[in-house]
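S.K.: So that we are looking at the same thing, I have put the structure below in structure tokens.
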Amino acid sequence: MPYNKDAVQNQYYKEPGPKLDKESPFESMMERFRFAADLLELDDGTFKTLAQPVRQISVSIPVVMDDGSIEVFEGIRVIHDNSLGPSKGGIRYAPDVTMDEVKALASWMTWKCAVVNVPFGGAKGAVRCNPRQLSVRELENVTRRYTAELLDVFGPDQDIPAPDMNTNEQVMGWIMDTYSMHARKAQTAVVTGKPLLLGGSKGRKEATGRGAVTLVLAALNKIGIMPGKATIAIQGFGNVGSVSAKLMYEQGARVIAISDVSGGYYNKQGIDISKAIEYRDKNNGSLEGFDGADKISNSELLELDCDVLIPAAKEDQINRKNAENIKAKIIVEGANGPITANADSILDDKGILIVPDILANAGGVTVSYFEWVQDRQGYFWTEERVNRRLNRMMKDAFDLIYKEKDRYNITLRQAAYVYAINKVARVLKMRGVYG
Ligand code: GLU
């Protein structure tokens with residue numbers, strides 16, 4: 001049966017109420033999904049299958065706190081799709097995380113893996129907690145109990161977590177250990193983004209930023225700006241933002257603004273990024289008080305006149321309220337979902353070239369895939385090999401999606417969704433429906 005837009009959309013997402021709020025990450029994802037479904041004339045059944053995650057799990061995580069009291073946190077794991085291989089996606093720790101957000105992030109992982117042609121499905125996990133208020137021991141207990149509650153979900157052939165917001169190599173190490181203790185043997189391939197000593201991959205930590213920079217260069221090339229002449233503004237100075245800043249700085253670009261939770265830092269002449277990183281590392285991970293630049297707000301940073309803007313902080317940063325004020329020529333989405341769906345057309349009308357998240361930040365999961373391959377082979381690559389293959393896969397994906405964009409005369413974001421959804425839909429068709 002051909003895809004009946006109105007029937008399916010009414011059934012799922014066109015009903016009145018909070019679901020209509022396009023500022024929600026899930027609705028933003030669905031808005032773009034619907035566009036691609038229309039263009040591909042996706043059939044009803046496939047639309048319905050892909051509009052919902054295959055599993056949504058919520059678990060209670062009781063933890064004995066340092067003062068002896070018991071606190072209970074909510075843990076979430078959403079598996080959006082696992083038709084191409086094990087599902088893959090990070091785990092974030094945040095006080096305000098919701099099931100809606102994790103569902104969107106899990107779907108984005110499916111599309112992201114499809115765009116870079118990595119044989120994984122999509123998933124995402126979260127624990128609703130404030131990691132800044134937890135001691136290291138409490139954080140370890142939260143992580144171990146979360147893993148224990150999901151022992152039958154995780155697995156090297158089933159579902160493979162990775163770092164995301166507020167989780168790091170150490171957290172991945174605890175997941176690997178907890179899972180391995182239950183399996184009665186070391187199971188390195190159950191999680192990626194691990195410390196090198198525990199079967200991690202060289203280059204994994206920098207991979208998302210490195211991949212994003214490959215695409216900044218590809219996009220600059222498309223509009224005829226030399227990297228050495230480009231001005232860059234970067235929101236967020238975590239793993240993705242600071243690595244992108246450092247690599248662009250090494251390319252000779254002028255990074256005129258950076259930011260973190262303490263605010264934005266602006267210097268028209270360009271910021272010395274190695275100094276900024278050194279300052280942050282000595283200053284408890286914060287740029288607060290960095291004096292190589294003038295202080296601006298995070299929203300002022302987004303609206304700066306620059307060639308490239310890299311939002312590498314969190315969702316919903318560019319929305320219908322500020323989209324009109326964005327002046328960058330290129331936006332490369334380092335974060336997941338930094339632009340809401342209802343800002344898309346405003347930015348497109350301004351002629352801004354947007355490299356969408358499911359392409360721009362796919363470097364992380366690409367090297368996660370390399371890590372999983374290395375763990376399973378027991379053969380580890382040099383950093384040079386990891387970076388070379390990462391570069392090639394990112395560049396190939398960019399060229400592929402750019403061709404789709406030209407072929408249908410649509411935006412790069414729409415092209416990425418069309419390519420990814422078409423690929424997963426074809427897989428579902430070939431496998432058929434069991435039962
Ligand atoms: N959390 C990262 C992302 O959003 C990495 C996921 C992974 O490597 O599995 O892409």
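How things are named: the first chain in the structure tokens is A, the next is B, and so on; residues count from 1 in each chain; ligands count from 1 in the order shown.
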What are the DSSP alpha helix (DSSP H) residues of segment 102-223 of chain A, as a ChimeraX atom specification?

M.R.: /A:102-115,136-149,169-183,207-222

S.K.: Within 6 Å of ligand 1, which residues of chain A come that close, and what is the closest atom pair and distance in Å for each? Count only C-alpha atoms and all ligand atoms and give it as CSV.

M.R.:
residue,atom,partner,partner_atom_place_in_ligand_line,distance
A:Lys88,CA,ligand 1,9 (O),4.8
A:Gly89,CA,ligand 1,9 (O),3.7
A:Gly90,CA,ligand 1,1 (N),3.9
A:Pro161,CA,ligand 1,9 (O),5.8
A:Ala162,CA,ligand 1,9 (O),4.7
A:Pro163,CA,ligand 1,1 (N),5.3
A:Asp164,CA,ligand 1,1 (N),4.1
A:Ala362,CA,ligand 1,10 (O),5.7
A:Gly364,CA,ligand 1,5 (C),4.9
A:Val365,CA,ligand 1,8 (O),3.5
A:Ser368,CA,ligand 1,8 (O),4.7

S.K.: Export, as a PDB file, in the first residue's frame, the selected residues with N, CA and C atoms.

M.R.:
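Final output, saved to part_5.pdb:
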ATOM      1  N   LYS A  88      23.451   0.956  18.225  1.00  0.00           N
ATOM      2  CA  LYS A  88      24.635   1.680  18.690  1.00  0.00           C
ATOM      3  C   LYS A  88      24.240   3.075  19.113  1.00  0.00           C
ATOM      4  N   GLY A  89      24.788   3.526  20.217  1.00  0.00           N
ATOM      5  CA  GLY A  89      24.527   4.909  20.614  1.00  0.00           C
ATOM      6  C   GLY A  89      24.983   5.192  22.026  1.00  0.00           C
ATOM      7  N   GLY A  90      25.230   6.453  22.280  1.00  0.00           N
ATOM      8  CA  GLY A  90      25.817   6.873  23.547  1.00  0.00           C
ATOM      9  C   GLY A  90      24.856   6.849  24.721  1.00  0.00           C
ATOM     10  N   PRO A 161      26.733   0.537  23.866  1.00  0.00           N
ATOM     11  CA  PRO A 161      26.771   1.948  24.282  1.00  0.00           C
ATOM     12  C   PRO A 161      28.101   2.630  23.985  1.00  0.00           C
ATOM     13  N   ALA A 162      28.133   3.929  24.230  1.00  0.00           N
ATOM     14  CA  ALA A 162      29.320   4.768  23.987  1.00  0.00           C
ATOM     15  C   ALA A 162      29.147   6.039  24.821  1.00  0.00           C
ATOM     16  N   PRO A 163      30.158   6.893  24.858  1.00  0.00           N
ATOM     17  CA  PRO A 163      30.000   8.150  25.614  1.00  0.00           C
ATOM     18  C   PRO A 163      29.063   9.124  24.913  1.00  0.00           C
ATOM     19  N   ASP A 164      28.465   9.992  25.691  1.00  0.00           N
ATOM     20  CA  ASP A 164      27.698  11.114  25.176  1.00  0.00           C
ATOM     21  C   ASP A 164      27.833  12.215  26.237  1.00  0.00           C
ATOM     22  N   ALA A 362      29.015  12.367  12.675  1.00  0.00           N
ATOM     23  CA  ALA A 362      29.077  10.906  12.545  1.00  0.00           C
ATOM     24  C   ALA A 362      30.491  10.343  12.711  1.00  0.00           C
ATOM     25  N   GLY A 364      32.222  10.279  15.347  1.00  0.00           N
ATOM     26  CA  GLY A 364      32.287   9.563  16.628  1.00  0.00           C
ATOM     27  C   GLY A 364      31.876   8.112  16.458  1.00  0.00           C
ATOM     28  N   VAL A 365      30.705   7.900  15.866  1.00  0.00           N
ATOM     29  CA  VAL A 365      30.238   6.521  15.732  1.00  0.00           C
ATOM     30  C   VAL A 365      31.064   5.762  14.691  1.00  0.00           C
ATOM     31  N   SER A 368      33.849   4.560  16.631  1.00  0.00           N
ATOM     32  CA  SER A 368      33.298   3.527  17.521  1.00  0.00           C
ATOM     33  C   SER A 368      33.211   2.201  16.755  1.00  0.00           C
TER      34      SER A 368
END

S.K.: Quick one: everything within 7 Å of segment 294-309 of chain A, counting only C-alpha atoms, minus sequence neighbours fewer than 5 positions away in the same chain. Send it as an NGL selection string.

M.R.: :A and (230-234 or 257 or 259 or 263-267 or 325-332)

S.K.: Could you check which of A:Lys185, A:Arg144, A:Arg55, A:Arg376 is closest to Lys103 of chain A, using only C-alpha atoms?

M.R.: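 Ranking A:Lys185, A:Arg144, A:Arg55, A:Arg376 by distance to Lys103 of chain A, first place goes to A:Arg55.
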
S.K.: When you count only C-alpha atoms, which of these residues is closest to Asn117 of chain A: A:Asn336, A:Thr98, A:Thr188, A:Thr366?

M.R.: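 Comparing A:Asn336, A:Thr98, A:Thr188, A:Thr366 against Asn117 of chain A, the winner is A:Thr366.
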
S.K.: Pick out the residues sitting within 10 Å of Thr167 of chain A, and hand them over as a short mmCIF file (atom, residue, chain, number, x, y, z; two decimals) with all heavy atoms, in the first residue's frame; count only C-alpha atoms, and ignore anything fewer than 3 positions along from it in its own chain.

M.R.:
data_model
loop_
_atom_site.label_atom_id
_atom_site.label_comp_id
_atom_site.auth_asym_id
_atom_site.auth_seq_id
_atom_site.Cartn_x
_atom_site.Cartn_y
_atom_site.Cartn_z
N GLY A 90 25.23 6.45 22.28
CA GLY A 90 25.82 6.87 23.55
C GLY A 90 24.86 6.85 24.72
O GLY A 90 23.67 6.56 24.59
N ILE A 91 25.43 7.15 25.89
CA ILE A 91 24.65 7.29 27.12
C ILE A 91 24.95 8.66 27.69
O ILE A 91 26.12 9.02 27.83
CB ILE A 91 25.07 6.22 28.15
CG1 ILE A 91 24.73 4.83 27.62
CG2 ILE A 91 24.39 6.47 29.49
CD1 ILE A 91 25.33 3.72 28.45
N ARG A 92 23.89 9.43 27.98
CA ARG A 92 24.13 10.75 28.58
C ARG A 92 23.60 10.80 30.01
O ARG A 92 22.60 10.15 30.32
CB ARG A 92 23.55 11.87 27.72
CG ARG A 92 22.07 11.83 27.47
CD ARG A 92 21.60 13.08 26.72
NE ARG A 92 22.35 13.31 25.48
CZ ARG A 92 22.13 14.33 24.65
NH1 ARG A 92 21.20 15.22 24.95
NH2 ARG A 92 22.83 14.48 23.56
N TYR A 93 24.28 11.56 30.84
CA TYR A 93 23.84 11.79 32.21
C TYR A 93 23.42 13.25 32.30
O TYR A 93 24.22 14.15 32.06
CB TYR A 93 24.99 11.54 33.20
CG TYR A 93 25.37 10.08 33.37
CD1 TYR A 93 26.46 9.73 34.17
CD2 TYR A 93 24.64 9.06 32.79
CE1 TYR A 93 26.83 8.40 34.36
CE2 TYR A 93 24.99 7.73 32.96
CZ TYR A 93 26.08 7.40 33.75
OH TYR A 93 26.43 6.09 33.92
N ALA A 94 22.16 13.50 32.59
CA ALA A 94 21.69 14.88 32.68
C ALA A 94 20.46 14.95 33.57
O ALA A 94 19.65 14.00 33.58
CB ALA A 94 21.36 15.42 31.29
N ALA A 126 20.25 7.02 28.73
CA ALA A 126 20.42 8.18 29.61
C ALA A 126 20.16 7.78 31.05
O ALA A 126 19.45 6.82 31.33
CB ALA A 126 19.44 9.28 29.21
N PRO A 131 25.41 14.80 37.27
CA PRO A 131 26.72 14.21 37.57
C PRO A 131 27.62 15.15 38.36
O PRO A 131 28.50 14.69 39.08
CB PRO A 131 27.31 13.91 36.18
CG PRO A 131 26.49 14.66 35.22
CD PRO A 131 25.17 14.92 35.84
N LEU A 139 28.92 8.04 41.20
CA LEU A 139 28.83 7.96 39.73
C LEU A 139 29.12 6.52 39.25
O LEU A 139 28.46 6.00 38.35
CB LEU A 139 29.86 8.92 39.13
CG LEU A 139 29.58 9.44 37.73
CD1 LEU A 139 28.32 10.29 37.72
CD2 LEU A 139 30.76 10.30 37.24
N THR A 143 26.49 3.98 37.40
CA THR A 143 26.85 3.36 36.12
C THR A 143 26.75 1.84 36.19
O THR A 143 26.22 1.19 35.28
CB THR A 143 28.29 3.77 35.75
OG1 THR A 143 28.37 5.19 35.75
CG2 THR A 143 28.68 3.24 34.38
N ALA A 162 28.13 3.93 24.23
CA ALA A 162 29.32 4.77 23.99
C ALA A 162 29.15 6.04 24.82
O ALA A 162 28.08 6.26 25.41
CB ALA A 162 29.40 5.12 22.50
N PRO A 163 30.16 6.89 24.86
CA PRO A 163 30.00 8.15 25.61
C PRO A 163 29.06 9.12 24.91
O PRO A 163 28.90 9.08 23.70
CB PRO A 163 31.42 8.73 25.65
CG PRO A 163 32.33 7.68 25.13
CD PRO A 163 31.53 6.76 24.30
N ASP A 164 28.47 9.99 25.69
CA ASP A 164 27.70 11.11 25.18
C ASP A 164 27.83 12.22 26.24
O ASP A 164 28.80 12.20 27.00
CB ASP A 164 26.24 10.70 24.94
CG ASP A 164 25.51 11.64 23.99
OD1 ASP A 164 25.75 11.57 22.77
OD2 ASP A 164 24.71 12.48 24.47
N GLN A 170 36.09 6.73 31.47
CA GLN A 170 36.02 6.01 32.74
C GLN A 170 34.65 5.34 32.90
O GLN A 170 34.56 4.18 33.31
CB GLN A 170 36.28 6.98 33.90
CG GLN A 170 36.12 6.35 35.26
CD GLN A 170 37.10 5.21 35.53
OE1 GLN A 170 38.26 5.43 35.81
NE2 GLN A 170 36.62 3.95 35.42
N VAL A 171 33.60 6.08 32.55
CA VAL A 171 32.24 5.51 32.65
C VAL A 171 32.13 4.29 31.73
O VAL A 171 31.56 3.26 32.10
CB VAL A 171 31.18 6.59 32.32
CG1 VAL A 171 29.79 6.00 32.24
CG2 VAL A 171 31.22 7.71 33.36
N MET A 172 32.72 4.37 30.53
CA MET A 172 32.68 3.22 29.61
C MET A 172 33.46 2.04 30.19
O MET A 172 33.07 0.89 30.03
CB MET A 172 33.25 3.61 28.23
CG MET A 172 32.52 4.75 27.54
SD MET A 172 30.73 4.48 27.40
CE MET A 172 30.08 5.80 28.42
N GLY A 193 34.47 3.74 23.06
CA GLY A 193 34.87 4.96 23.74
C GLY A 193 35.54 4.62 25.06
O GLY A 193 35.55 5.43 25.99
#

S.K.: Which polymer residues have any atom within 9 Å of an atom of Ala212 of chain A, counting only C-alpha atoms, with same-chain residues fewer than 4 positions away left out, as a list in words?

M.R.: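 Final neighbour list, sorted by chain and number: Ala207, Thr208, Val216, Leu217, Val240, Ser244, Ile310, Val332, Glu333, Gly334, Leu359, Ala360, Asn361, Ala362, Gly363 and Met394 of chain A.
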
S.K.: Using DSSP secondary structure from the backbone, list all strand (DSSP E) positions within segment 8-134 of chain A, as an MDAnalysis selection string.

M.R.: chainID A and resid 55:64 70:81 87:94 121:128

S.K.: Write out as a PyMOL selection string which residues come within 12 Å of Ala416 of chain A when counting only C-alpha atoms, dropping same-chain ones fewer than 5 positions away.

M.R.: chain A and resi 32-33+35-36+108+110-117+354-360+362+397-406+408+410-411+421-423

S.K.: Which residues are near Arg389 of chain A? Cut-off 12 Å, only C-alpha atoms, ignore same chain within fewer than 2 positions. Put them as an MDAnalysis selection string.

M.R.: chainID A and resid 116 203 207 210:211 214 363 366:367 369:370 381:387 391:396
